[in-house]
file entry25.tsv (TSV, C-alpha atoms)
chain	number	residue	atom	x	y	z
V	199	MET	CA	12.20	-153.81	-38.79
V	200	GLU	CA	13.63	-151.91	-41.74
V	201	LYS	CA	16.23	-149.29	-40.94
V	202	LEU	CA	15.08	-145.94	-39.63
V	203	LYS	CA	16.17	-143.35	-42.22
V	204	ILE	CA	17.52	-140.22	-40.56
V	205	LEU	CA	18.43	-136.93	-42.26
V	206	LEU	CA	21.27	-134.82	-40.87
V	207	ALA	CA	21.48	-131.20	-41.99
V	208	LYS	CA	24.84	-129.85	-43.10
V	209	GLY	CA	26.56	-127.07	-41.14
V	210	ARG	CA	25.94	-126.04	-37.54
V	211	ILE	CA	22.99	-128.40	-37.12
V	212	TYR	CA	25.19	-131.34	-38.12
V	213	GLU	CA	27.80	-130.51	-35.50
V	214	SER	CA	25.24	-130.12	-32.71
V	215	VAL	CA	23.35	-133.30	-33.58
V	216	TYR	CA	26.60	-135.23	-34.10
V	217	GLU	CA	27.61	-134.39	-30.52
V	218	LEU	CA	24.16	-135.30	-29.20
V	219	LEU	CA	24.21	-138.66	-30.98
V	220	SER	CA	27.69	-139.35	-29.65
V	221	ASP	CA	26.58	-138.57	-26.08
V	222	VAL	CA	23.74	-141.11	-26.29
V	223	GLY	CA	26.13	-143.75	-27.64
V	224	ILE	CA	25.38	-143.51	-31.36
V	225	SER	CA	28.59	-142.95	-33.27
V	226	ILE	CA	28.65	-141.73	-36.86
V	227	TYR	CA	31.56	-141.29	-39.24
V	228	LEU	CA	31.26	-139.39	-42.52
V	229	PRO	CA	33.91	-140.42	-45.07
V	230	ASP	CA	35.28	-137.68	-47.32
V	231	ARG	CA	33.10	-136.65	-50.25
V	232	THR	CA	30.19	-138.83	-49.22
V	233	TYR	CA	26.76	-138.08	-47.78
V	234	PHE	CA	26.00	-141.35	-45.99
V	235	PRO	CA	27.62	-141.56	-42.53
V	236	ILE	CA	28.67	-144.92	-41.17
V	237	THR	CA	27.14	-145.76	-37.79
V	238	ASN	CA	27.48	-148.38	-35.06
V	239	GLN	CA	23.69	-148.91	-35.02
V	240	GLU	CA	22.40	-151.60	-37.37
V	241	ASP	CA	18.83	-150.29	-37.32
V	242	LEU	CA	19.70	-146.70	-38.28
V	243	ALA	CA	20.69	-145.23	-41.66
V	244	PHE	CA	21.90	-141.63	-42.00
V	245	GLN	CA	22.11	-139.20	-44.90
V	246	VAL	CA	23.48	-135.64	-44.95
V	247	VAL	CA	21.47	-133.04	-46.88
V	248	LYS	CA	21.10	-129.26	-46.99
V	249	PRO	CA	19.17	-127.89	-44.01
V	250	GLN	CA	16.67	-126.12	-46.25
V	251	ILE	CA	15.27	-129.39	-47.68
V	252	VAL	CA	15.10	-131.66	-44.62
V	253	SER	CA	11.45	-130.88	-43.90
V	254	ASN	CA	10.45	-131.23	-47.57
V	255	LEU	CA	11.94	-134.72	-47.69
V	256	LEU	CA	10.13	-135.71	-44.50
V	257	ALA	CA	6.86	-134.28	-45.79
V	258	GLY	CA	7.27	-136.42	-48.90
V	259	SER	CA	8.06	-139.52	-46.77
V	260	ARG	CA	11.52	-139.80	-48.32
V	261	ALA	CA	12.95	-140.29	-44.83
V	262	ASP	CA	11.65	-141.08	-41.36
V	263	VAL	CA	13.41	-138.60	-39.08
V	264	GLY	CA	15.26	-135.36	-39.63
V	265	PHE	CA	16.75	-132.41	-37.77
V	266	SER	CA	15.77	-128.97	-38.99
V	267	GLY	CA	15.33	-125.42	-37.85
V	268	LYS	CA	11.67	-124.59	-37.25
V	269	ASP	CA	12.10	-121.62	-39.60
V	270	TRP	CA	12.71	-123.85	-42.62
V	271	VAL	CA	9.73	-126.06	-41.80
V	272	TYR	CA	7.49	-123.00	-41.93
V	273	GLU	CA	9.35	-121.49	-44.88
V	274	ASN	CA	8.68	-124.69	-46.82
V	275	GLY	CA	5.05	-124.61	-45.68
V	276	VAL	CA	5.08	-128.21	-44.46
V	277	GLN	CA	4.42	-127.66	-40.74
V	278	ASP	CA	1.18	-129.65	-41.06
V	279	GLN	CA	2.81	-132.43	-43.07
V	280	VAL	CA	5.52	-133.39	-40.55
V	281	GLU	CA	5.42	-134.17	-36.84
V	282	GLU	CA	7.60	-132.26	-34.38
V	283	ILE	CA	9.05	-134.76	-31.91
V	284	MET	CA	11.06	-132.42	-29.68
V	285	ASP	CA	12.76	-129.05	-29.52
V	286	LEU	CA	16.47	-129.68	-29.03
V	287	GLY	CA	17.07	-126.01	-28.27
V	288	PHE	CA	20.19	-125.77	-30.44
V	289	ASP	CA	21.02	-122.56	-32.35
V	290	PRO	CA	18.09	-120.44	-31.18
V	291	VAL	CA	17.43	-117.58	-33.59
V	292	ARG	CA	14.80	-115.01	-34.45
V	293	ILE	CA	13.61	-114.30	-37.96
V	294	VAL	CA	13.52	-110.51	-38.02
V	295	ALA	CA	12.87	-107.55	-40.28
V	296	ALA	CA	15.63	-104.94	-40.20
V	297	ILE	CA	16.21	-101.56	-41.82
V	298	PRO	CA	19.06	-99.00	-41.78
V	299	ASP	CA	19.28	-97.43	-38.33
V	300	THR	CA	18.98	-93.93	-39.84
V	301	VAL	CA	15.63	-94.69	-41.50
V	302	ASP	CA	12.19	-94.12	-39.96
V	303	TYR	CA	10.23	-97.37	-40.06
V	304	GLU	CA	6.72	-95.88	-40.25
V	305	SER	CA	7.71	-93.61	-43.12
V	306	LEU	CA	9.35	-96.51	-44.94
V	307	LEU	CA	6.17	-98.59	-44.82
V	308	LYS	CA	4.37	-95.95	-46.87
V	309	LYS	CA	6.81	-96.36	-49.76
V	310	ASN	CA	7.27	-98.95	-52.46
V	311	VAL	CA	10.09	-101.09	-51.08
V	312	THR	CA	12.21	-104.12	-51.93
V	313	ILE	CA	12.76	-106.80	-49.27
V	314	ALA	CA	15.99	-108.80	-49.40
V	315	THR	CA	15.61	-112.29	-47.91
V	316	GLU	CA	16.17	-116.02	-48.17
V	317	TYR	CA	12.75	-116.55	-46.59
V	318	GLN	CA	10.35	-116.06	-49.47
V	319	THR	CA	7.30	-117.71	-47.86
V	320	LEU	CA	7.68	-116.14	-44.42
V	321	SER	CA	8.44	-112.75	-45.96
V	322	LYS	CA	5.42	-112.82	-48.28
V	323	LYS	CA	3.17	-113.62	-45.33
V	324	TRP	CA	4.69	-110.74	-43.36
V	325	VAL	CA	4.31	-108.32	-46.30
V	326	ASP	CA	0.66	-109.31	-46.70
V	327	GLU	CA	-0.07	-108.97	-42.97
V	328	LYS	CA	1.57	-105.55	-42.79
V	329	LYS	CA	-0.04	-104.49	-46.08
V	330	ILE	CA	3.33	-103.36	-47.39
V	331	ASN	CA	3.70	-102.30	-51.00
V	332	GLY	CA	6.84	-104.27	-51.70
V	333	THR	CA	8.59	-106.88	-53.79
V	334	LEU	CA	10.84	-109.71	-52.64
V	335	PHE	CA	14.46	-110.03	-53.69
V	336	ARG	CA	15.84	-113.53	-53.06
V	337	THR	CA	19.28	-113.70	-51.50
V	338	TRP	CA	21.49	-116.68	-50.79
V	339	GLY	CA	23.45	-116.56	-47.53
V	340	THR	CA	24.77	-113.28	-46.15
V	341	SER	CA	22.28	-110.54	-46.98
V	342	GLU	CA	23.11	-107.49	-44.84
V	343	GLY	CA	25.00	-105.77	-47.64
V	344	PHE	CA	21.87	-105.49	-49.79
V	345	VAL	CA	20.20	-103.02	-47.41
V	346	GLN	CA	21.72	-99.56	-46.97
V	347	ASP	CA	20.54	-96.01	-46.41
V	348	SER	CA	21.27	-94.86	-49.92
V	349	GLU	CA	19.36	-94.26	-53.14
V	350	ASP	CA	21.20	-97.03	-54.97
V	351	SER	CA	20.58	-99.66	-52.27
V	352	ILE	CA	19.29	-102.91	-53.77
V	353	ALA	CA	16.71	-103.30	-50.99
V	354	GLN	CA	15.26	-101.22	-48.17
V	355	ILE	CA	14.24	-104.02	-45.77
V	356	LEU	CA	16.11	-107.16	-44.76
V	357	ILE	CA	14.42	-110.28	-43.42
V	358	ASP	CA	16.94	-112.69	-41.97
V	359	ASN	CA	17.74	-114.84	-38.96
V	360	THR	CA	19.78	-113.55	-36.06
V	361	SER	CA	20.91	-114.93	-32.73
V	362	THR	CA	22.39	-111.84	-31.05
V	363	GLY	CA	21.80	-109.07	-33.58
V	364	SER	CA	25.51	-108.25	-33.63
V	365	SER	CA	25.89	-108.75	-37.38
V	366	LEU	CA	22.94	-106.46	-38.02
V	367	ARG	CA	24.35	-103.77	-35.75
V	368	ALA	CA	27.76	-104.08	-37.41
V	369	ASN	CA	26.07	-103.27	-40.71
V	370	ASN	CA	24.15	-100.29	-39.25
V	371	LEU	CA	20.81	-102.09	-39.29
V	372	LYS	CA	18.11	-102.08	-36.61
V	373	ILE	CA	15.43	-104.69	-35.92
V	374	VAL	CA	11.89	-103.39	-36.44
V	375	ASP	CA	9.87	-106.61	-36.19
V	376	THR	CA	10.17	-110.31	-35.32
V	377	LEU	CA	8.45	-112.76	-37.65
V	378	MET	CA	9.10	-115.91	-35.60
V	379	GLU	CA	11.51	-117.66	-33.24
V	380	SER	CA	13.31	-120.81	-34.29
V	381	SER	CA	15.66	-123.51	-33.02
V	382	THR	CA	16.86	-126.95	-34.11
V	383	ARG	CA	14.14	-129.56	-33.69
V	384	MET	CA	13.65	-133.25	-34.27
V	385	TYR	CA	10.92	-134.01	-36.81
V	386	ALA	CA	9.40	-137.21	-38.15
V	387	SER	CA	7.38	-138.03	-41.22
V	388	LYS	CA	3.68	-138.71	-40.77
V	389	GLU	CA	4.13	-142.12	-42.41
V	390	ALA	CA	6.88	-143.15	-39.99
V	391	MET	CA	4.68	-142.26	-37.02
V	392	LYS	CA	1.94	-144.53	-38.38
V	393	ASP	CA	4.35	-147.51	-38.34
V	394	PRO	CA	4.33	-148.95	-34.77
V	395	ALA	CA	7.91	-150.25	-34.94
V	396	LYS	CA	9.29	-147.02	-36.38
V	397	LYS	CA	7.31	-144.88	-33.96
V	398	GLN	CA	8.67	-146.90	-31.02
V	399	LYS	CA	12.24	-146.38	-32.24
V	400	ILE	CA	11.65	-142.67	-32.77
V	401	MET	CA	10.29	-142.26	-29.25
V	402	GLU	CA	13.21	-144.25	-27.86
V	403	LEU	CA	15.59	-141.83	-29.57
V	404	LYS	CA	13.64	-138.93	-28.09
V	405	MET	CA	13.98	-140.44	-24.62
V	406	LEU	CA	17.74	-140.88	-25.06
V	407	PHE	CA	18.13	-137.30	-26.28
V	408	GLU	CA	16.14	-136.04	-23.30
V	409	THR	CA	18.41	-137.85	-20.84
V	410	VAL	CA	21.49	-136.19	-22.36
V	411	LEU	CA	19.92	-132.72	-22.57
V	412	ASN	CA	18.75	-133.03	-18.95
V	413	ALA	CA	22.28	-133.95	-17.91
V	414	ARG	CA	23.85	-131.04	-19.79
V	415	SER	CA	21.93	-128.54	-17.68
V	416	ARG	CA	22.71	-130.21	-14.35
V	417	VAL	CA	25.63	-131.24	-12.15
V	418	MET	CA	25.94	-133.56	-9.19
V	419	LEU	CA	27.01	-132.17	-5.83
V	420	GLU	CA	28.31	-134.41	-3.05
V	421	MET	CA	29.06	-133.15	0.45
V	422	ASN	CA	29.45	-134.21	4.04
V	423	VAL	CA	27.57	-132.69	6.95
V	424	ALA	CA	27.70	-133.16	10.73
V	425	GLU	CA	24.70	-134.77	12.40
V	426	ASP	CA	23.68	-131.63	14.29
V	427	LYS	CA	23.55	-129.58	11.06
V	428	PHE	CA	21.92	-132.23	8.89
V	429	ASP	CA	18.26	-131.10	9.22
V	430	SER	CA	18.95	-127.44	8.39
V	431	LEU	CA	21.13	-128.43	5.43
V	432	VAL	CA	18.52	-130.76	3.92
V	433	LYS	CA	15.79	-128.11	4.26
V	434	GLY	CA	17.95	-125.71	2.24
V	435	LEU	CA	18.71	-128.14	-0.59
V	436	PRO	CA	17.22	-127.85	-4.07
V	437	SER	CA	17.08	-131.17	-5.87
V	438	MET	CA	15.28	-133.02	-8.64
V	439	ARG	CA	13.65	-135.27	-6.06
V	440	SER	CA	14.80	-136.04	-2.51
V	441	PRO	CA	18.57	-136.00	-1.92
V	442	THR	CA	20.48	-139.23	-1.55
V	443	VAL	CA	21.74	-139.58	2.04
V	444	SER	CA	24.02	-142.18	3.62
V	445	PRO	CA	25.66	-142.27	7.09
V	446	LEU	CA	29.38	-141.62	7.32
V	447	PHE	CA	31.65	-144.32	8.70
V	448	GLY	CA	31.88	-143.97	12.46
V	449	GLY	CA	28.50	-142.25	12.79
V	450	ASN	CA	29.90	-138.71	12.70
V	451	GLY	CA	27.45	-137.33	10.16
V	452	TYR	CA	26.09	-137.92	6.71
V	453	ALA	CA	27.13	-137.92	3.07
V	454	VAL	CA	24.59	-136.07	0.91
V	455	LYS	CA	24.26	-136.19	-2.88
V	456	ILE	CA	22.01	-133.94	-5.01
V	457	ALA	CA	21.58	-133.13	-8.71
V	458	VAL	CA	21.11	-129.41	-9.30
V	459	LYS	CA	20.93	-126.98	-12.20
V	460	LYS	CA	24.32	-125.63	-13.29
V	461	SER	CA	22.94	-122.11	-13.13
V	462	ASP	CA	22.20	-122.56	-9.40
V	463	VAL	CA	25.76	-123.55	-8.45
V	464	PRO	CA	27.33	-120.05	-8.03
V	465	THR	CA	24.78	-119.08	-5.37
V	466	LEU	CA	24.27	-122.57	-3.97
V	467	LEU	CA	27.86	-123.38	-2.98
V	468	PRO	CA	28.24	-120.48	-0.51
V	469	LYS	CA	24.81	-121.30	0.91
V	470	LEU	CA	25.71	-124.96	1.43
V	471	GLN	CA	28.91	-123.99	3.20
V	472	SER	CA	27.00	-121.62	5.49
V	473	LEU	CA	24.60	-124.46	6.34
V	474	GLY	CA	27.47	-126.68	7.46
V	475	ALA	CA	28.37	-128.66	4.34
V	476	THR	CA	32.02	-129.71	4.02
V	477	ASP	CA	34.10	-131.62	1.45
V	478	ILE	CA	31.82	-130.42	-1.38
V	479	VAL	CA	32.53	-132.06	-4.75
V	480	GLU	CA	30.94	-131.11	-8.08
V	481	TYR	CA	30.99	-133.34	-11.16
V	482	GLU	CA	29.37	-133.56	-14.56
V	483	LEU	CA	26.52	-135.90	-15.46
V	484	ARG	CA	26.20	-137.84	-18.71
V	485	LYS	CA	22.55	-138.84	-18.68
V	486	VAL	CA	19.64	-137.92	-16.44
V	487	MET	CA	16.27	-139.66	-16.74
V	488	ILE	CA	13.56	-137.77	-14.88

call {"tool": "encode", "arguments": {"input": "entry25.tsv", "output": "structure tokens"}}
result
Amino acid sequence: MEKLKILLAKGRIYESVYELLSDVGISIYLPDRTYFPITNQEDLAFQVVKPQIVSNLLAGSRADVGFSGKDWVYENGVQDQVEEIMDLGFDPVRIVAAIPDTVDYESLLKKNVTIATEYQTLSKKWVDEKKINGTLFRTWGTSEGFVQDSEDSIAQILIDNTSTGSSLRANNLKIVDTLMESSTRMYASKEAMKDPAKKQKIMELKMLFETVLNARSRVMLEMNVAEDKFDSLVKGLPSMRSPTVSPLFGGNGYAVKIAVKKSDVPTLLPKLQSLGATDIVEYELRKVMI
């Protein structure tokens, strides 16, 4: 099989995917001033590109797999020309419309306005849907400074991505609408998914990623319990399936092992203790296949 060509987006996406690849056992090393990482996998070939063009390259079958924010797939208008393999959940953001917090939104919509944004396609669709009399002003990167409550403001509406809204609030802007929600996702080209060997490799990668992501949200708990408290303890246990149970040496009780969600641990530990669990140990998991 020819090598599977994988695109890695520069910036935050690169860091998140780099860590994910490392956790599944795929190491990559990017030499200075190059765009082609070295890997320990003979059947994979990586290239680093700007996040805005990953989906365009996949749509044109210039690569097999890529990692991109959903927002840029829709901004590029290629959502029907690529195949979403899985949502990795990294860097969740909303694409929002924001205006100065001293401005009335309904009154603003009746005026001729300028919209500052990187997202030309998404913004034009929003303007058309809202029937706004406005023009688009393309920005590159940080855009909050273009929208102010003043007569000489370059724009009156900002369309941008935000995770917490803190940057908008710091610039005295308020969110008035959400255009879409986005996160980092794994995509494949349509041509790659038609190739049986490539499709198999892509789905194997998906499976490996899922085992790591499952493990990141869970921990393993081990505990001992006396025989007379065993039944009540087991009935109170959450677990992915049935807990693993083995008798303690000497027949004085049982050792119990369960995988649970990290978010359940703060309330679960006191409950386990009240049900008779002792010697409770928590440890991280590396991979979990459900």

call {"tool": "axis_aligned_box", "arguments": {"input": "entry25.tsv", "around": "region 404-413 of chain V", "padding_each_side": "8 Å", "output": "lines of an AutoDock Vina configuration file"}}
result
center_x = 18.0
center_y = -136.8
center_z = -23.0
size_x = 24.6
size_y = 24.2
size_z = 26.2

call {"tool": "residues_near_point", "arguments": {"input": "entry25.tsv", "point": "(26.3, -129.2, -40.4)", "cutoff": "12 Å", "atoms": "all atoms listed in the file", "output": "PyMOL selection string"}}
result
chain V and resi 205-217+228+233+245-250+265-267+289+382

call {"tool": "residues_around", "arguments": {"input": "entry25.tsv", "residues": "Leu467 (chain V)", "least_positions_apart": "2", "cutoff": "12 Å", "atoms": "all atoms listed in the file", "output": "VMD selection string"}}
result
chain V and resid 419 to 421 431 434 to 436 458 460 to 465 469 to 480

call {"tool": "closest_residue", "arguments": {"input": "entry25.tsv", "among": "V:Ala386, V:Ile355, V:Leu219, V:Val263", "to": "Glu408 (chain V)", "atoms": "only C-alpha atoms"}}
result
V:Leu219

call {"tool": "closest_residue", "arguments": {"input": "entry25.tsv", "among": "V:Glu240, V:Asp302, V:Glu482, V:Asp426", "to": "Lys459 (chain V)", "atoms": "all atoms listed in the file"}}
result
V:Glu482

call {"tool": "closest_residue", "arguments": {"input": "entry25.tsv", "among": "V:Ile313, V:Ile226, V:Val276, V:Ile236", "to": "Thr337 (chain V)", "atoms": "all atoms listed in the file"}}
result
V:Ile313

call {"tool": "closest_residue", "arguments": {"input": "entry25.tsv", "among": "V:Ile204, V:Val291, V:Leu377, V:Val410", "to": "Gly223 (chain V)", "atoms": "all atoms listed in the file"}}
result
V:Val410

call {"tool": "residues_near_point", "arguments": {"input": "entry25.tsv", "point": "(24.3, -147.7, -36.9)", "cutoff": "10 Å", "atoms": "only C-alpha atoms", "output": "PyMOL selection string"}}
result
chain V and resi 201-202+224-227+235-244

call {"tool": "atom_distance", "arguments": {"input": "entry25.tsv", "atom1": "CA of Leu403 (chain V)", "atom2": "CA of Gly287 (chain V)"}}
result
15.9 Å

call {"tool": "closest_atom_pairs", "arguments": {"input": "entry25.tsv", "of": "region 249-332 of chain V", "to": "region 367-376 of chain V", "cutoff": "8 Å", "atoms": "only C-alpha atoms", "output": "JSON lines"}}
result
{"residue": "V:Arg292", "atom": "CA", "partner": "V:Thr376", "partner_atom": "CA", "distance": 6.7}
{"residue": "V:Ile293", "atom": "CA", "partner": "V:Thr376", "partner_atom": "CA", "distance": 5.9}
{"residue": "V:Val294", "atom": "CA", "partner": "V:Thr376", "partner_atom": "CA", "distance": 4.3}
{"residue": "V:Ala295", "atom": "CA", "partner": "V:Asp375", "partner_atom": "CA", "distance": 5.2}
{"residue": "V:Ala296", "atom": "CA", "partner": "V:Ile373", "partner_atom": "CA", "distance": 4.3}
{"residue": "V:Ile297", "atom": "CA", "partner": "V:Leu371", "partner_atom": "CA", "distance": 5.3}
{"residue": "V:Pro298", "atom": "CA", "partner": "V:Leu371", "partner_atom": "CA", "distance": 4.3}
{"residue": "V:Asp299", "atom": "CA", "partner": "V:Leu371", "partner_atom": "CA", "distance": 5.0}
{"residue": "V:Tyr303", "atom": "CA", "partner": "V:Val374", "partner_atom": "CA", "distance": 7.2}

call {"tool": "closest_residue", "arguments": {"input": "entry25.tsv", "among": "V:Asn422, V:Ser430, V:Thr300, V:Thr340", "to": "Leu446 (chain V)", "atoms": "all atoms listed in the file"}}
result
V:Asn422

call {"tool": "closest_residue", "arguments": {"input": "entry25.tsv", "among": "V:Ala390, V:Met378, V:Leu406, V:Ile456", "to": "Ala257 (chain V)", "atoms": "only C-alpha atoms"}}
result
V:Ala390

call {"tool": "atom_distance", "arguments": {"input": "entry25.tsv", "atom1": "CA of Ser321 (chain V)", "atom2": "CA of Asp262 (chain V)"}}
result
28.9 Å
